[in-house]
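> Just model_27.cif, nothing more (mmCIF, C-alpha atoms and all ligand atoms):
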data_target
#
loop_
_atom_site.label_atom_id
_atom_site.label_comp_id
_atom_site.auth_asym_id
_atom_site.auth_seq_id
_atom_site.Cartn_x
_atom_site.Cartn_y
_atom_site.Cartn_z
CA PHE S 14 -0.68 43.40 -140.09
CA SER S 15 -3.04 42.18 -142.74
CA ALA S 16 -6.25 40.45 -141.82
CA ALA S 17 -6.28 36.83 -142.88
CA THR S 18 -9.18 35.48 -144.88
CA PRO S 19 -11.52 33.77 -142.43
CA TYR S 20 -12.17 30.13 -143.11
CA ALA S 21 -15.68 28.87 -142.75
CA THR S 22 -14.93 25.98 -140.44
CA LEU S 23 -12.60 27.50 -137.86
CA PRO S 24 -13.78 28.31 -134.32
CA SER S 25 -13.45 31.93 -133.30
CA VAL S 26 -12.52 33.89 -130.20
CA LEU S 27 -13.91 37.41 -129.89
CA LEU S 28 -11.75 40.19 -128.43
CA VAL S 29 -13.83 43.00 -126.90
CA GLY S 30 -13.38 45.74 -124.33
CA PRO S 31 -13.15 49.51 -124.04
CA SER S 32 -10.97 51.64 -126.28
CA GLY S 33 -7.34 51.67 -125.20
CA ALA S 34 -7.50 48.42 -123.21
CA GLY S 35 -4.92 46.84 -125.50
CA LYS S 36 -6.96 44.54 -127.76
CA THR S 37 -5.05 45.29 -130.93
CA ALA S 38 -1.76 45.14 -129.02
CA LEU S 39 -2.69 41.66 -127.73
CA LEU S 40 -3.71 40.46 -131.17
CA THR S 41 -0.43 41.73 -132.56
CA LEU S 42 1.51 40.00 -129.78
CA PHE S 43 -0.17 36.68 -130.49
CA GLU S 44 0.39 37.15 -134.19
CA ARG S 45 3.98 38.36 -134.14
CA GLY S 46 5.17 36.36 -131.19
CA PRO S 47 7.89 36.77 -128.61
CA PHE S 48 8.84 40.42 -128.64
CA ALA S 49 9.02 40.39 -124.84
CA ALA S 50 11.49 37.52 -124.80
CA ASN S 51 13.55 39.60 -127.18
CA PRO S 52 13.72 43.13 -125.80
CA GLY S 53 16.64 43.79 -128.12
CA SER S 54 14.38 43.52 -131.12
CA PRO S 55 13.01 47.03 -131.69
CA GLU S 56 11.15 45.99 -134.79
CA LYS S 57 8.93 43.54 -132.91
CA LEU S 58 8.39 45.90 -130.00
CA ASP S 59 7.27 48.54 -132.48
CA ALA S 60 4.76 46.19 -133.97
CA VAL S 61 2.98 45.89 -130.63
CA ALA S 62 3.45 49.42 -129.34
CA LYS S 63 2.30 51.21 -132.47
CA THR S 64 -1.37 50.53 -132.35
CA HIS S 65 -4.01 53.12 -133.04
CA THR S 66 -7.69 53.22 -132.26
CA SER S 67 -9.41 50.55 -134.29
CA GLN S 68 -12.28 51.52 -136.55
CA VAL S 69 -13.09 48.19 -138.11
CA PRO S 70 -12.93 44.63 -136.82
CA ALA S 71 -9.86 42.62 -137.84
CA THR S 72 -9.56 38.85 -137.92
CA ILE S 73 -6.38 36.81 -137.82
CA GLU S 74 -5.83 33.08 -137.91
CA LEU S 75 -3.84 31.51 -135.06
CA ALA S 76 -3.08 28.01 -133.88
CA VAL S 77 -2.68 26.61 -130.40
CA SER S 78 -0.90 23.37 -129.66
CA THR S 79 -2.95 20.48 -128.33
CA ASP S 80 0.10 19.42 -126.34
CA PRO S 81 -0.08 21.24 -122.96
CA SER S 82 3.70 21.24 -122.59
CA ALA S 83 3.95 23.39 -125.72
CA ALA S 84 1.01 25.61 -124.77
CA SER S 85 2.67 28.95 -125.39
CA TYR S 86 2.00 31.52 -128.07
CA ARG S 87 5.77 31.54 -128.43
CA ALA S 88 5.85 27.88 -129.39
CA ASP S 89 6.81 27.04 -132.94
CA LEU S 90 3.67 25.41 -134.17
CA ASP S 91 5.07 24.43 -137.52
CA ALA S 92 7.05 21.90 -135.54
CA ALA S 93 3.87 20.84 -133.72
CA GLY S 94 2.26 20.21 -137.10
CA ALA S 95 -0.93 18.20 -137.05
CA THR S 96 -1.46 18.55 -133.30
CA ALA S 97 -2.18 22.28 -133.57
CA LYS S 98 -5.75 23.59 -133.36
CA LYS S 99 -6.46 26.55 -135.61
CA PHE S 100 -8.82 29.30 -134.62
CA LEU S 101 -9.72 32.88 -135.53
CA LEU S 102 -9.07 35.79 -133.21
CA VAL S 103 -11.46 38.66 -133.94
CA ASP S 104 -10.40 42.14 -132.78
CA THR S 105 -13.23 44.66 -132.42
CA PRO S 106 -13.17 48.44 -131.98
CA GLY S 107 -13.81 49.59 -128.41
CA HIS S 108 -15.17 53.03 -129.24
CA PRO S 109 -18.74 53.29 -127.92
CA LYS S 110 -20.10 54.17 -131.37
CA LEU S 111 -18.45 51.14 -132.95
CA ARG S 112 -19.43 48.47 -130.42
CA GLY S 113 -22.28 47.25 -132.59
CA HIS S 114 -19.77 45.02 -134.40
CA ALA S 115 -18.94 43.11 -131.25
CA LEU S 116 -22.47 42.95 -129.88
CA ALA S 117 -23.83 41.77 -133.24
CA HIS S 118 -21.62 38.69 -132.91
CA LEU S 119 -23.32 37.84 -129.63
CA SER S 120 -26.92 38.61 -130.45
CA SER S 121 -26.89 36.58 -133.63
CA THR S 122 -29.66 34.00 -133.40
CA ALA S 123 -27.78 31.56 -135.58
CA PRO S 124 -25.51 29.02 -133.89
CA THR S 125 -22.65 30.47 -135.89
CA VAL S 126 -21.53 34.07 -136.24
CA PRO S 127 -20.42 35.95 -139.31
CA THR S 128 -16.75 36.84 -139.11
CA ASN S 129 -16.77 39.01 -142.18
CA THR S 130 -18.49 41.97 -140.55
CA SER S 131 -17.17 44.41 -143.14
CA SER S 132 -20.07 43.23 -145.22
CA SER S 133 -23.37 44.58 -144.04
CA SER S 134 -25.13 41.37 -144.94
CA SER S 135 -25.68 39.10 -141.97
CA SER S 136 -26.01 36.12 -144.29
CA SER S 137 -22.33 36.35 -145.05
CA PRO S 138 -20.95 33.06 -146.34
CA THR S 139 -18.05 33.17 -143.88
CA GLN S 140 -19.49 31.81 -140.65
CA SER S 141 -17.50 30.71 -137.68
CA LYS S 142 -18.43 29.06 -134.41
CA LEU S 143 -17.91 31.45 -131.52
CA LYS S 144 -16.06 29.53 -128.80
CA ALA S 145 -14.95 32.14 -126.28
CA LEU S 146 -14.90 35.83 -125.53
CA ILE S 147 -12.06 37.87 -124.06
CA PHE S 148 -13.07 41.13 -122.41
CA LEU S 149 -9.87 43.12 -122.05
CA VAL S 150 -9.67 45.85 -119.41
CA ASP S 151 -7.05 48.45 -118.56
CA SER S 152 -6.29 47.64 -114.89
CA ALA S 153 -4.33 50.86 -114.45
CA ALA S 154 -7.18 53.08 -115.70
CA LEU S 155 -9.56 51.27 -113.32
CA SER S 156 -7.48 52.35 -110.34
CA ASP S 157 -8.04 56.04 -111.12
CA PRO S 158 -11.43 57.01 -109.66
CA ASP S 159 -11.48 60.31 -111.57
CA SER S 160 -11.07 58.71 -114.98
CA GLY S 161 -14.58 57.27 -115.17
CA ALA S 162 -12.96 54.09 -116.50
CA LEU S 163 -14.70 51.83 -113.99
CA ALA S 164 -18.18 53.05 -114.93
CA SER S 165 -17.58 52.96 -118.68
CA THR S 166 -15.80 49.59 -118.63
CA ALA S 167 -18.52 48.01 -116.49
CA SER S 168 -21.28 49.40 -118.65
CA TYR S 169 -19.76 47.77 -121.75
CA LEU S 170 -19.24 44.52 -119.83
CA TYR S 171 -22.88 44.69 -118.70
CA ASP S 172 -24.04 44.85 -122.32
CA VAL S 173 -21.79 41.95 -123.29
CA LEU S 174 -22.87 39.69 -120.42
CA LEU S 175 -26.52 40.58 -120.93
CA ALA S 176 -26.22 39.66 -124.62
CA LEU S 177 -24.84 36.26 -123.58
CA GLN S 178 -27.62 35.83 -121.04
CA LEU S 179 -30.25 36.56 -123.71
CA ARG S 180 -28.46 34.19 -126.07
CA PHE S 181 -28.92 31.48 -123.44
CA HIS S 182 -32.66 32.20 -123.25
CA ARG S 183 -32.96 31.95 -127.01
CA ARG S 184 -31.74 28.36 -126.95
CA SER S 185 -34.31 25.96 -128.18
CA GLY S 186 -33.91 22.42 -129.35
CA SER S 187 -30.82 21.25 -131.14
CA ARG S 188 -30.13 24.57 -132.86
CA ALA S 189 -29.17 26.14 -129.57
CA PRO S 190 -26.20 28.47 -129.73
CA ALA S 191 -23.45 27.03 -127.56
CA SER S 192 -22.59 28.90 -124.40
CA VAL S 193 -19.64 31.28 -124.61
CA PRO S 194 -17.18 31.42 -121.70
CA VAL S 195 -15.81 34.87 -120.82
CA LEU S 196 -12.28 35.77 -119.80
CA VAL S 197 -11.97 39.18 -118.17
CA ALA S 198 -8.32 39.85 -118.95
CA ALA S 199 -6.96 42.46 -116.53
CA ASN S 200 -4.30 43.98 -118.78
CA LYS S 201 -1.40 46.39 -118.13
CA THR S 202 -0.33 44.80 -114.84
CA ASP S 203 3.18 46.00 -115.76
CA LEU S 204 2.13 49.48 -114.63
CA PHE S 205 2.60 50.03 -110.91
CA THR S 206 -0.79 51.75 -110.63
CA ALA S 207 -2.58 48.68 -112.00
CA LEU S 208 -5.18 46.99 -109.81
CA PRO S 209 -4.47 43.32 -109.12
CA ALA S 210 -6.86 40.88 -110.80
CA ALA S 211 -8.79 40.15 -107.57
CA LEU S 212 -9.58 43.85 -107.17
CA VAL S 213 -10.46 44.22 -110.84
CA ARG S 214 -12.94 41.43 -110.25
CA SER S 215 -14.51 42.86 -107.09
CA GLN S 216 -14.68 46.42 -108.42
CA LEU S 217 -16.30 45.31 -111.66
CA GLU S 218 -18.79 43.14 -109.77
CA ALA S 219 -19.72 46.04 -107.50
CA GLU S 220 -20.14 48.40 -110.44
CA LEU S 221 -22.18 45.86 -112.44
CA GLY S 222 -24.44 45.58 -109.39
CA ARG S 223 -24.90 49.35 -109.32
CA ILE S 224 -25.66 49.45 -113.04
CA ARG S 225 -28.15 46.61 -112.65
CA LYS S 226 -29.97 48.48 -109.94
CA SER S 227 -30.09 51.79 -111.77
CA ARG S 228 -31.11 50.24 -115.10
CA SER S 229 -33.97 48.27 -113.54
CA LYS S 230 -35.15 51.44 -111.85
CA GLY S 231 -34.80 53.24 -115.18
CA LEU S 232 -37.03 50.68 -116.87
CA LEU S 233 -39.74 51.19 -114.26
CA ASP S 234 -39.46 54.97 -114.37
CA SER S 235 -39.50 55.24 -118.13
CA GLY S 236 -42.64 53.12 -118.31
CA VAL S 237 -41.13 50.68 -120.76
CA GLY S 238 -43.57 47.80 -120.66
CA ALA S 239 -42.50 44.19 -120.28
CA ASP S 240 -43.91 43.61 -123.77
CA ASP S 241 -41.49 46.02 -125.38
CA VAL S 242 -38.54 44.45 -123.65
CA ASP S 243 -39.75 40.97 -124.51
CA ALA S 244 -39.97 41.90 -128.15
CA ALA S 245 -36.45 43.28 -128.08
CA ALA S 246 -35.23 40.05 -126.52
CA GLY S 247 -36.80 37.92 -129.22
CA GLY S 248 -39.81 36.98 -127.13
CA ALA S 249 -37.84 35.10 -124.51
CA GLY S 250 -40.58 36.08 -122.14
CA GLY S 251 -41.19 37.11 -118.58
CA GLU S 252 -38.74 38.25 -116.00
CA GLU S 253 -35.90 36.56 -117.88
CA ALA S 254 -35.90 39.18 -120.59
CA ASP S 255 -36.14 42.44 -118.70
CA GLY S 256 -32.52 43.47 -118.85
CA TRP S 257 -31.72 42.35 -115.32
CA LEU S 258 -28.25 40.81 -115.38
CA GLY S 259 -27.64 37.65 -113.37
CA GLY S 260 -29.75 35.98 -110.73
CA TYR S 261 -32.94 37.32 -109.18
CA GLY S 262 -33.21 38.17 -105.54
CA THR S 263 -29.55 38.98 -105.13
CA GLU S 264 -28.53 42.37 -103.82
CA LYS S 265 -24.89 42.25 -104.87
CA PHE S 266 -23.87 41.08 -108.32
CA SER S 267 -21.35 38.27 -108.61
CA PHE S 268 -19.88 36.76 -111.79
CA LYS S 269 -20.89 33.35 -110.40
CA GLU S 270 -24.53 34.28 -111.06
CA MET S 271 -23.81 34.02 -114.77
CA MET S 272 -23.42 30.23 -114.38
CA GLU S 273 -27.22 30.13 -114.21
CA PHE S 274 -27.09 30.98 -117.90
CA ASP S 275 -24.19 28.66 -118.62
CA VAL S 276 -21.77 31.60 -118.88
CA GLU S 277 -18.48 30.97 -117.12
CA VAL S 278 -16.59 34.17 -116.18
CA GLU S 279 -12.95 34.09 -115.15
CA VAL S 280 -10.68 37.04 -114.28
CA LEU S 281 -6.95 36.73 -114.97
CA GLY S 282 -4.26 39.41 -114.84
CA GLY S 283 -1.52 39.90 -117.39
CA ASN S 284 0.24 42.35 -119.67
CA VAL S 285 1.03 42.79 -123.33
CA LEU S 286 3.88 45.25 -122.84
CA GLY S 287 6.54 45.65 -120.17
CA GLU S 288 7.56 43.43 -117.29
CA GLY S 289 5.07 41.05 -115.75
CA PRO S 290 3.33 37.73 -116.14
CA GLY S 291 2.70 38.44 -119.85
CA ALA S 292 -0.11 36.85 -121.80
CA GLU S 293 0.63 33.15 -121.32
CA LYS S 294 -2.28 32.52 -118.93
CA TRP S 295 -4.69 34.06 -121.40
CA TRP S 296 -3.28 31.96 -124.22
CA LYS S 297 -3.67 28.83 -122.10
CA TRP S 298 -7.28 29.82 -121.31
CA ILE S 299 -7.97 30.16 -125.04
CA GLY S 300 -6.26 26.86 -125.79
CA GLU S 301 -8.55 25.04 -123.35
CA ARG S 302 -11.65 26.44 -125.04
CA VAL S 303 -11.14 26.38 -128.80
P1 LIG H 401 -9.37 50.43 -129.55
O1 LIG H 401 -8.86 49.92 -130.84
O2 LIG H 401 -9.56 51.91 -129.52
O3 LIG H 401 -10.63 49.73 -129.09
O4 LIG H 401 -8.26 50.13 -128.41
P2 LIG H 401 -7.44 48.79 -128.19
O5 LIG H 401 -8.09 48.02 -127.09
O6 LIG H 401 -7.20 48.07 -129.46
O7 LIG H 401 -6.06 49.34 -127.58
P3 LIG H 401 -4.61 49.25 -128.23
O8 LIG H 401 -4.23 47.84 -128.46
O9 LIG H 401 -4.55 50.18 -129.37
O10 LIG H 401 -3.72 49.77 -127.00
C1 LIG H 401 -3.89 51.05 -126.44
C2 LIG H 401 -2.60 51.49 -125.82
O11 LIG H 401 -2.27 50.69 -124.66
C3 LIG H 401 -1.40 51.39 -126.75
O12 LIG H 401 -0.62 52.54 -126.60
C4 LIG H 401 -0.66 50.16 -126.26
O13 LIG H 401 0.71 50.23 -126.52
C5 LIG H 401 -0.95 50.22 -124.76
N1 LIG H 401 -0.87 48.91 -124.09
C6 LIG H 401 -1.46 47.76 -124.49
N2 LIG H 401 -1.16 46.76 -123.64
C7 LIG H 401 -0.38 47.28 -122.68
C8 LIG H 401 0.25 46.72 -121.49
O14 LIG H 401 0.13 45.53 -121.15
N3 LIG H 401 0.96 47.58 -120.74
C9 LIG H 401 1.12 48.90 -121.06
N4 LIG H 401 1.88 49.64 -120.25
N5 LIG H 401 0.56 49.44 -122.16
C10 LIG H 401 -0.19 48.65 -122.95
MG MG H 402 -7.76 48.35 -131.37
#
Rewrite the structure from the file as C-alpha cells, please.


Amino acid sequence: FSAATPYATLPSVLLVGPSGAGKTALLTLFERGPFAANPGSPEKLDAVAKTHTSQVPATIELAVSTDPSAASYRADLDAAGATAKKFLLVDTPGHPKLRGHALAHLSSTAPTVPTNTSSSSSSSPTQSKLKALIFLVDSAALSDPDSGALASTASYLYDVLLALQLRFHRRSGSRAPASVPVLVAANKTDLFTALPAALVRSQLEAELGRIRKSRSKGLLDSGVGADDVDAAAGGAGGEEADGWLGGYGTEKFSFKEMMEFDVEVEVLGGNVLGEGPGAEKWWKWIGERV
C-alpha cells in the first residue's frame, strides 16, 4: 500500500506493539477491507498475509461511520458520505531499535503530534491530534513461556503506559495534551494456542507489576538521583516522575490504576487472519474515540 499524505486537521490513532504482533496486517485489513468475508479472493488475502517487518512508520487515512448501525470497517463509507469521521491510522515498527518513532509521539510536549516522522524535524508542519492508542499483542506467543514474549511485550507496554503517565503530569493550563485511551488488542485468537483476552490481561498486569518492582529497585541500586529522573521527565517533580507505573502503595499492578492519570486501558480479543471474532470490536472502539 502507499502511505497517504497526512492532513493537518485529522485526528490520529497510533498502532504500536512488539514486532510480529500483526500491526501492519491490521492496518492493511482496515485499508483493503473484507478479505475475511471473501475467502475466495486470494488477492485480498495476500494483501494482508504478505507483510514484512516494518522499518518506518506508515500512515493511512480511514473513515468511520458516525452511524452505529454501520459501524464496520466493511461498511461502504462513500454511501455514508458526510456522516463519516476521517482519521489517520499510524503504523509503527515494533523492533526494539525502532520504537523511538512510537514513543516520540507520546512524549511530545505539544498538544498535537507530528505524523510525518520520516522528517527528523519535530516542528513538522503536519500535526495531528492523537486520539487513541492501540497496543497490539500476539496472544499465541504470550502462551508460550519459553518464547520470552510475555516479558518483552510487557516491557514495551510499560514504556508506552509510562510515557502516557508522564504526559498526564506535564499537563498545565489550557495547553494540556488530551489523555489518550489505550486498547490492548489481543490478536491472533484464531490460533488454538492463543490466550483468551482475560488471561492476556491478567498475565500482562502481573508482568507489569514485576517490571515495576525490578525497575524501582534498579533505580535505587544504580544510585540514580531523583533529580536526574525529574529532569528526564520534564521537571514534573517528586514521586510522580520516578518511573513507577501506576498508583503508589499497591503491590500488584492493575490497568485500573492508570485511571489516576486519566488513561483508560481496555483489553479486547480479536484476529486479523483466520476464523474468529475478527477486528470489528477494535474498529468500534476506535470509532467511539476519534
Ligand atoms: P513489525 O512490523 O515487525 O513491528 O510487525 P507487525 O506488528 O507489523 O506484524 P505483521 O503485521 O507484519 O504480522 C506478523 C505476522 O503475523 C504476519 O505473518 C501476519 O500474517 C501474521 N498475523 C497477523 N495477524 C494475524 C492473526 O490474526 N492470526 C494469525 N494466525 N496470524 C496473524
Ligand atoms: Mg509492521

> Taking into account all atoms listed in the file, which residue in the set S:Phe100, S:Phe205, S:Phe181, S:Trp298 is nearest to ligand LIG 401 (chain H)?

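Counting all atoms listed in the file, the residue closest to ligand LIG 401 (chain H) is S:Phe205.
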
> Could you list, as a PyMOL selection string, all protein and nucleic acid residues with an atom at most 7 Å from ligand LIG 401 (chain H), counting only C-alpha atoms and all ligand atoms?

chain S and resi 30-39+61-68+105-108+200-204+283-287

> Find the residue from S:Arg223, S:Arg112, S:Lys265, S:Arg302 that sits nearest to ligand MG 402 (chain H); use all atoms listed in the file when measuring.

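Using all atoms listed in the file, the shortest distance to ligand MG 402 (chain H) belongs to S:Arg112.
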
> Could you give me, as a list of chain:residue names, the residues within 12 Å of Gly113 in chain S, counting all atoms listed in the file and dropping anything in the same chain fewer than 2 positions from it?

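In the requested form, the answer reads S:Val29, S:Gln68, S:Val69, S:Pro70, S:Thr105, S:Pro106, S:Gly107, S:His108, S:Pro109, S:Lys110, S:Leu111, S:Ala115, S:Leu116, S:Ala117, S:His118, S:Leu119, S:Ser120, S:Ser121, S:Thr130, S:Ser133, S:Tyr169, S:Asp172, S:Val173, S:Ala176.
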
> Please measure the separation of CA of Leu281 in chain S and CA of Glu220 in chain S, giving the value in Å to one decimal.

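Atom-to-atom, CA of Leu281 in chain S and CA of Glu220 in chain S are spaced 18.2 Å apart.
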